[in-house]
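> I'd like to ask you about the structure that follows.
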Amino acid sequence: MNQAIKDKTIALIDALKATCQTYGMGNDGNEYKIITQVFLYKYLNDKFGFELKKISPKIADAPKWEEAYSSMSEDDREDLMDRMNPDVPCLNPEHLISNLWNQQSKGDFDLIFDSTMTDIADKNMGIFATQTTQNTKIPLFEKLTQYVTDEAQRAPFARALVDKLVNFSFEEVFSEHYDFFASIFEYLIKDYNTAGGGKYAEYYTPHAIATIMARLLVSDNADLHNMECYDPSAGTGTLLMALAHQIGEDRCTIFSQDISQRSNKMLKLNLILNGLVSSLDHAIQGDTLVSPYHKSDDGQELRRFDYVVSNPPFKMDFSDTREKIAAMPVRFWAGVPKVPAKKKESMAIYTCFIQHVINSLKDSGKGAIVIPTGFVTAKSGVENNILKHIVDEHIVYGCVSMPSNVFANTGTNVSVLFFDNSKQTDKVVLIDASKMGEEYQDGKNKKRRLRDEEIDKIVSTFQNKEAIEDFSVAVTYDEIIEKKYSLAAGQYFDVKIEYVEITEEEFNEKMGEYASNLQKYFDEGNELQKEIMEQLGKVRLEK
């Protein structure tokens, strides 16, 4: 049953993408807006009908719920709205897909389609809008047909989109939960999460890594309530969704910020699909490092959270804002990377996000951040300052190094750092999972992904602080300091010397071979040196 629903949902996404391609917008920079918005419009239209049927027997028993709803008086409809689940947008009869279907023959159908979208957005601005750091409201929907360059093609394009929506219903999907929507969301946005996204490429975190982070921060049977979760580089929200699911979507509130407009649209969709509509108001678009939006009640300090997760961009040119960031030494206590003379794009912006994550934790808060693996053995600079701080202050309580090529858009080897601001840990768990995972082909690229049993092994090893040969260690902070603050698991594994018993004759024979080879290399070196000297002599004579 589940697979059948999934297949139908994926078929709808494919049909919408095919329509975009037909009208010249395949791989166009605006295609993601159309796909995500039309998908969400269909989802909310069906969700609205589903919720109406729960509270109105008349609508539930009608052959076509849309007609029964449209025939009601305005007072009766408003009465239904008052009883409606607040996580569902309020739609008038003219907003329904069936109404659009009935108007397709009109010549200005593109204008009708666009005005329907904007009207729904206006009517639901209070709950379903997100905002920027400047408090500008970003509506749920926007006009879409404007992205078709040829005006004569706009109405046919709108008709083609509506055609795809009428023969599919989301009703049987509403009983599905996180795992279903996580995979559907991943499929929906897979073409729009590449490093070609410009300066701030969207960093989509693989589902397996998001799951590991959530399970290690929140134990499997934790009974938590009113938790506040935050991601300062939220992207499309994968880490936050995994965390909310681990805690319980009804037991937490999500706070987020990301500089990307594209990410904000996708995050909004992700929050709605996962039943986190009440958190939309806290989904902020803007530069977290320069203008962090989420502040304490007096507005003087950063707001602090129970859980903070982040998969920030690793390296990029932020020279335009570097001085503003560096002018906040209390926030960026370990320093801010300097602007390189040549490769500006190599500025290690992730180091600023590590500091921001730690600053955003409550005294009892826990956090996790994805970082390039090179960080864990850093010997100088901002990186080393951070390492010393998180070890000396007993904030770090674990580090898991992941397999290479697990990310869709970067070949960089990554690790995940885990923080516990309560500082109650006596040992730090270091895991080297770099040899795990199965290889698969993703287009032209070879990637790796962690299997379910491997995820379970990482989680149980970490939770039990187990030492497993060539895989994991649990070490004290003093031991880490002795190793010059290295968080690389491999540096703590025992060095193994293999002993082989041989006779005296075999030993003498081997030593003879070594001596013979050594003499051979020595003679070859002398010959090479003579040749070089002869060549140099000829060069001098010619001069």
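Ordering of the structure tokens sets the chain letters (A, B, ...); residue numbers start at 1 within each chain; ligands are numbered from 1 in the order shown.
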Enumerate the residues of segment 55-245 of chain A with a DSSP assignment of alpha helix (DSSP H), computed from the backbone, and present them as an NGL selection string.

:A and (55 or 57-61 or 65-70 or 74-83 or 97-102 or 109-123 or 125-128 or 154-166 or 178-189 or 207-217 or 238-245)

> Which residues, written as a PyMOL selection string, have at least one atom at most 9 Å from segment 423-430 of chain A, with only C-alpha atoms counted and residues fewer than 5 positions away on the same chain left out?

chain A and resi 363-364+393-401+461-463+465-467+471-477+480+487-490+492

> I'd like a table as a Markdown table: residues in segment 191-284 of chain A with an atom no more than 8 Å from segment 291-314 of chain A, each row giving the shortest atom pair and its distance in Å to one decimal, only C-alpha atoms counted, sorted by chain and rising residue number.


| residue | atom | partner | partner_atom | distance |
| --- | --- | --- | --- | --- |
| A:Tyr200 | CA | A:Pro313 | CA | 7.4 |
| A:Ala201 | CA | A:Pro313 | CA | 7.6 |
| A:Tyr203 | CA | A:Pro313 | CA | 6.8 |
| A:Thr205 | CA | A:Asn311 | CA | 7.1 |
| A:Leu217 | CA | A:Tyr307 | CA | 7.8 |
| A:Met227 | CA | A:Asp306 | CA | 6.1 |
| A:Glu228 | CA | A:Asp306 | CA | 5.4 |
| A:Cys229 | CA | A:Tyr307 | CA | 4.8 |
| A:Tyr230 | CA | A:Val308 | CA | 4.8 |
| A:Asp231 | CA | A:Val309 | CA | 5.1 |
| A:Pro232 | CA | A:Ser310 | CA | 6.4 |
| A:Ser233 | CA | A:Pro312 | CA | 5.5 |
| A:Ala234 | CA | A:Ser310 | CA | 6.8 |
| A:Leu239 | CA | A:Val309 | CA | 6.7 |
| A:Leu240 | CA | A:Val309 | CA | 7.2 |
| A:Phe255 | CA | A:His294 | CA | 7.9 |
| A:Gln257 | CA | A:Tyr293 | CA | 7.6 |
| A:Ile284 | CA | A:Tyr293 | CA | 7.3 |

> The selected residues should be written to file as a short mmCIF file (atom, residue, chain, number, x, y, z; two decimals), in the first residue's frame (atoms: N, CA and C atoms).


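The resulting file, part06.cif, is shown below:
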data_model
loop_
_atom_site.label_atom_id
_atom_site.label_comp_id
_atom_site.auth_asym_id
_atom_site.auth_seq_id
_atom_site.Cartn_x
_atom_site.Cartn_y
_atom_site.Cartn_z
N TYR A 200 25.86 30.71 -2.35
CA TYR A 200 25.36 29.96 -1.20
C TYR A 200 24.67 28.70 -1.71
N ALA A 201 25.46 27.69 -2.07
CA ALA A 201 24.87 26.45 -2.57
C ALA A 201 24.07 25.79 -1.45
N TYR A 203 23.00 23.13 0.90
CA TYR A 203 23.67 21.92 1.39
C TYR A 203 22.60 20.95 1.88
N THR A 205 21.55 17.64 3.43
CA THR A 205 22.19 16.62 4.26
C THR A 205 21.55 15.27 3.99
N LEU A 217 21.62 12.84 19.54
CA LEU A 217 21.26 13.98 20.39
C LEU A 217 20.09 13.64 21.31
N MET A 227 10.33 21.32 23.71
CA MET A 227 11.72 21.52 23.32
C MET A 227 11.82 22.57 22.21
N GLU A 228 12.88 23.36 22.25
CA GLU A 228 13.12 24.35 21.19
C GLU A 228 14.35 23.93 20.41
N CYS A 229 14.18 23.76 19.10
CA CYS A 229 15.25 23.27 18.22
C CYS A 229 15.60 24.35 17.19
N TYR A 230 16.88 24.46 16.86
CA TYR A 230 17.34 25.56 16.02
C TYR A 230 18.39 25.09 15.03
N ASP A 231 18.32 25.63 13.81
CA ASP A 231 19.36 25.42 12.81
C ASP A 231 19.68 26.77 12.18
N PRO A 232 20.91 27.28 12.37
CA PRO A 232 21.27 28.60 11.84
C PRO A 232 21.63 28.60 10.36
N SER A 233 21.75 27.40 9.76
CA SER A 233 22.04 27.29 8.32
C SER A 233 21.11 26.20 7.78
N ALA A 234 19.81 26.44 7.93
CA ALA A 234 18.80 25.38 7.84
C ALA A 234 18.68 24.72 6.48
N LEU A 239 17.85 18.41 8.64
CA LEU A 239 18.31 18.12 10.01
C LEU A 239 17.22 18.41 11.03
N LEU A 240 16.51 19.52 10.84
CA LEU A 240 15.46 19.89 11.78
C LEU A 240 14.29 18.90 11.75
N PHE A 255 13.01 26.52 15.11
CA PHE A 255 13.50 27.86 14.77
C PHE A 255 14.60 27.68 13.72
N GLN A 257 17.11 29.72 10.38
CA GLN A 257 17.52 30.87 9.57
C GLN A 257 18.43 30.36 8.46
N ILE A 284 13.22 31.98 9.20
CA ILE A 284 13.68 33.31 8.80
C ILE A 284 14.68 33.22 7.65
#

> Give me the residues near Leu16 of chain A as a PDB file with N, CA and C atoms, in the first residue's frame, where near means some atom within 9 Å (using only C-alpha atoms) and where sequence neighbours in that chain fewer than 5 positions away do not count.


ATOM      1  N   ALA A  11       5.010   9.919  -9.409  1.00  0.00           N
ATOM      2  CA  ALA A  11       4.512  10.112 -10.782  1.00  0.00           C
ATOM      3  C   ALA A  11       3.968  11.536 -10.969  1.00  0.00           C
ATOM      4  N   GLN A  21       9.364  21.256 -18.486  1.00  0.00           N
ATOM      5  CA  GLN A  21      10.289  21.044 -19.604  1.00  0.00           C
ATOM      6  C   GLN A  21       9.616  21.377 -20.939  1.00  0.00           C
ATOM      7  N   ILE A  34       8.090  26.641  -9.270  1.00  0.00           N
ATOM      8  CA  ILE A  34       6.854  26.109  -9.840  1.00  0.00           C
ATOM      9  C   ILE A  34       6.559  24.733  -9.264  1.00  0.00           C
ATOM     10  N   ILE A  35       7.559  23.849  -9.273  1.00  0.00           N
ATOM     11  CA  ILE A  35       7.349  22.467  -8.811  1.00  0.00           C
ATOM     12  C   ILE A  35       6.928  22.445  -7.339  1.00  0.00           C
ATOM     13  N   VAL A  38       3.293  24.253  -6.815  1.00  0.00           N
ATOM     14  CA  VAL A  38       2.132  23.524  -7.341  1.00  0.00           C
ATOM     15  C   VAL A  38       1.904  22.248  -6.533  1.00  0.00           C
ATOM     16  N   PHE A  39       2.990  21.563  -6.166  1.00  0.00           N
ATOM     17  CA  PHE A  39       2.889  20.370  -5.323  1.00  0.00           C
ATOM     18  C   PHE A  39       2.223  20.731  -3.988  1.00  0.00           C
ATOM     19  N   ALA A 160      -2.006  23.169 -18.329  1.00  0.00           N
ATOM     20  CA  ALA A 160      -1.253  21.911 -18.271  1.00  0.00           C
ATOM     21  C   ALA A 160      -0.937  21.525 -16.824  1.00  0.00           C
ATOM     22  N   LEU A 161      -0.628  22.510 -15.995  1.00  0.00           N
ATOM     23  CA  LEU A 161      -0.353  22.232 -14.577  1.00  0.00           C
ATOM     24  C   LEU A 161      -1.602  21.708 -13.877  1.00  0.00           C
ATOM     25  N   LYS A 164      -2.579  18.113 -14.504  1.00  0.00           N
ATOM     26  CA  LYS A 164      -1.806  17.096 -13.774  1.00  0.00           C
ATOM     27  C   LYS A 164      -2.356  16.861 -12.367  1.00  0.00           C
ATOM     28  N   LEU A 165      -3.092  17.829 -11.832  1.00  0.00           N
ATOM     29  CA  LEU A 165      -3.508  17.777 -10.426  1.00  0.00           C
ATOM     30  C   LEU A 165      -4.847  17.078 -10.197  1.00  0.00           C
TER      31      LEU A 165
END

> Leaving out Ala244 of chain A and any residue of its chain fewer than 6 positions from it, which residues lie within 9 Å of it when counting only C-alpha atoms, given as a list in words?

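Here the answer would be Ala214, Cys229, Asp250, Arg251, Cys252, Thr253, Ile254 and Leu276 of chain A.
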
> Within 10 Å of Ala433 of chain A, counting only C-alpha atoms, which residues show up once you throw out same-chain ones fewer than 2 positions away? Write them as a PDB file with C-alpha atoms, in the first residue's frame, please.


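The resulting file, part.pdb, is reproduced below:
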ATOM      1  CA  VAL A 400      31.932  10.674  14.025  1.00  0.00           C
ATOM      2  CA  SER A 401      33.957  10.679  10.796  1.00  0.00           C
ATOM      3  CA  MET A 402      31.764   9.684   7.856  1.00  0.00           C
ATOM      4  CA  PRO A 403      32.573   7.786   4.635  1.00  0.00           C
ATOM      5  CA  SER A 404      33.824   9.843   1.700  1.00  0.00           C
ATOM      6  CA  SER A 415      32.682  14.485  10.271  1.00  0.00           C
ATOM      7  CA  LEU A 430      35.429   9.087  18.640  1.00  0.00           C
ATOM      8  CA  ILE A 431      34.180   6.926  15.769  1.00  0.00           C
ATOM      9  CA  LYS A 435      35.107   2.484   5.777  1.00  0.00           C
ATOM     10  CA  MET A 436      31.347   2.000   6.073  1.00  0.00           C
ATOM     11  CA  GLY A 437      28.675   2.403   3.418  1.00  0.00           C
ATOM     12  CA  LEU A 450      25.183   4.170   4.987  1.00  0.00           C
ATOM     13  CA  GLU A 454      25.553   0.570   9.898  1.00  0.00           C
ATOM     14  CA  ILE A 455      23.526   3.491  11.241  1.00  0.00           C
ATOM     15  CA  LYS A 457      26.054   0.249  14.846  1.00  0.00           C
ATOM     16  CA  ILE A 458      27.247   3.879  14.938  1.00  0.00           C
ATOM     17  CA  ASP A 470      39.805   0.131  14.283  1.00  0.00           C
ATOM     18  CA  PHE A 471      36.342   1.667  14.685  1.00  0.00           C
ATOM     19  CA  SER A 472      35.818   3.514  17.953  1.00  0.00           C
ATOM     20  CA  ALA A 489      39.666   8.314  16.211  1.00  0.00           C
TER      21      ALA A 489
END
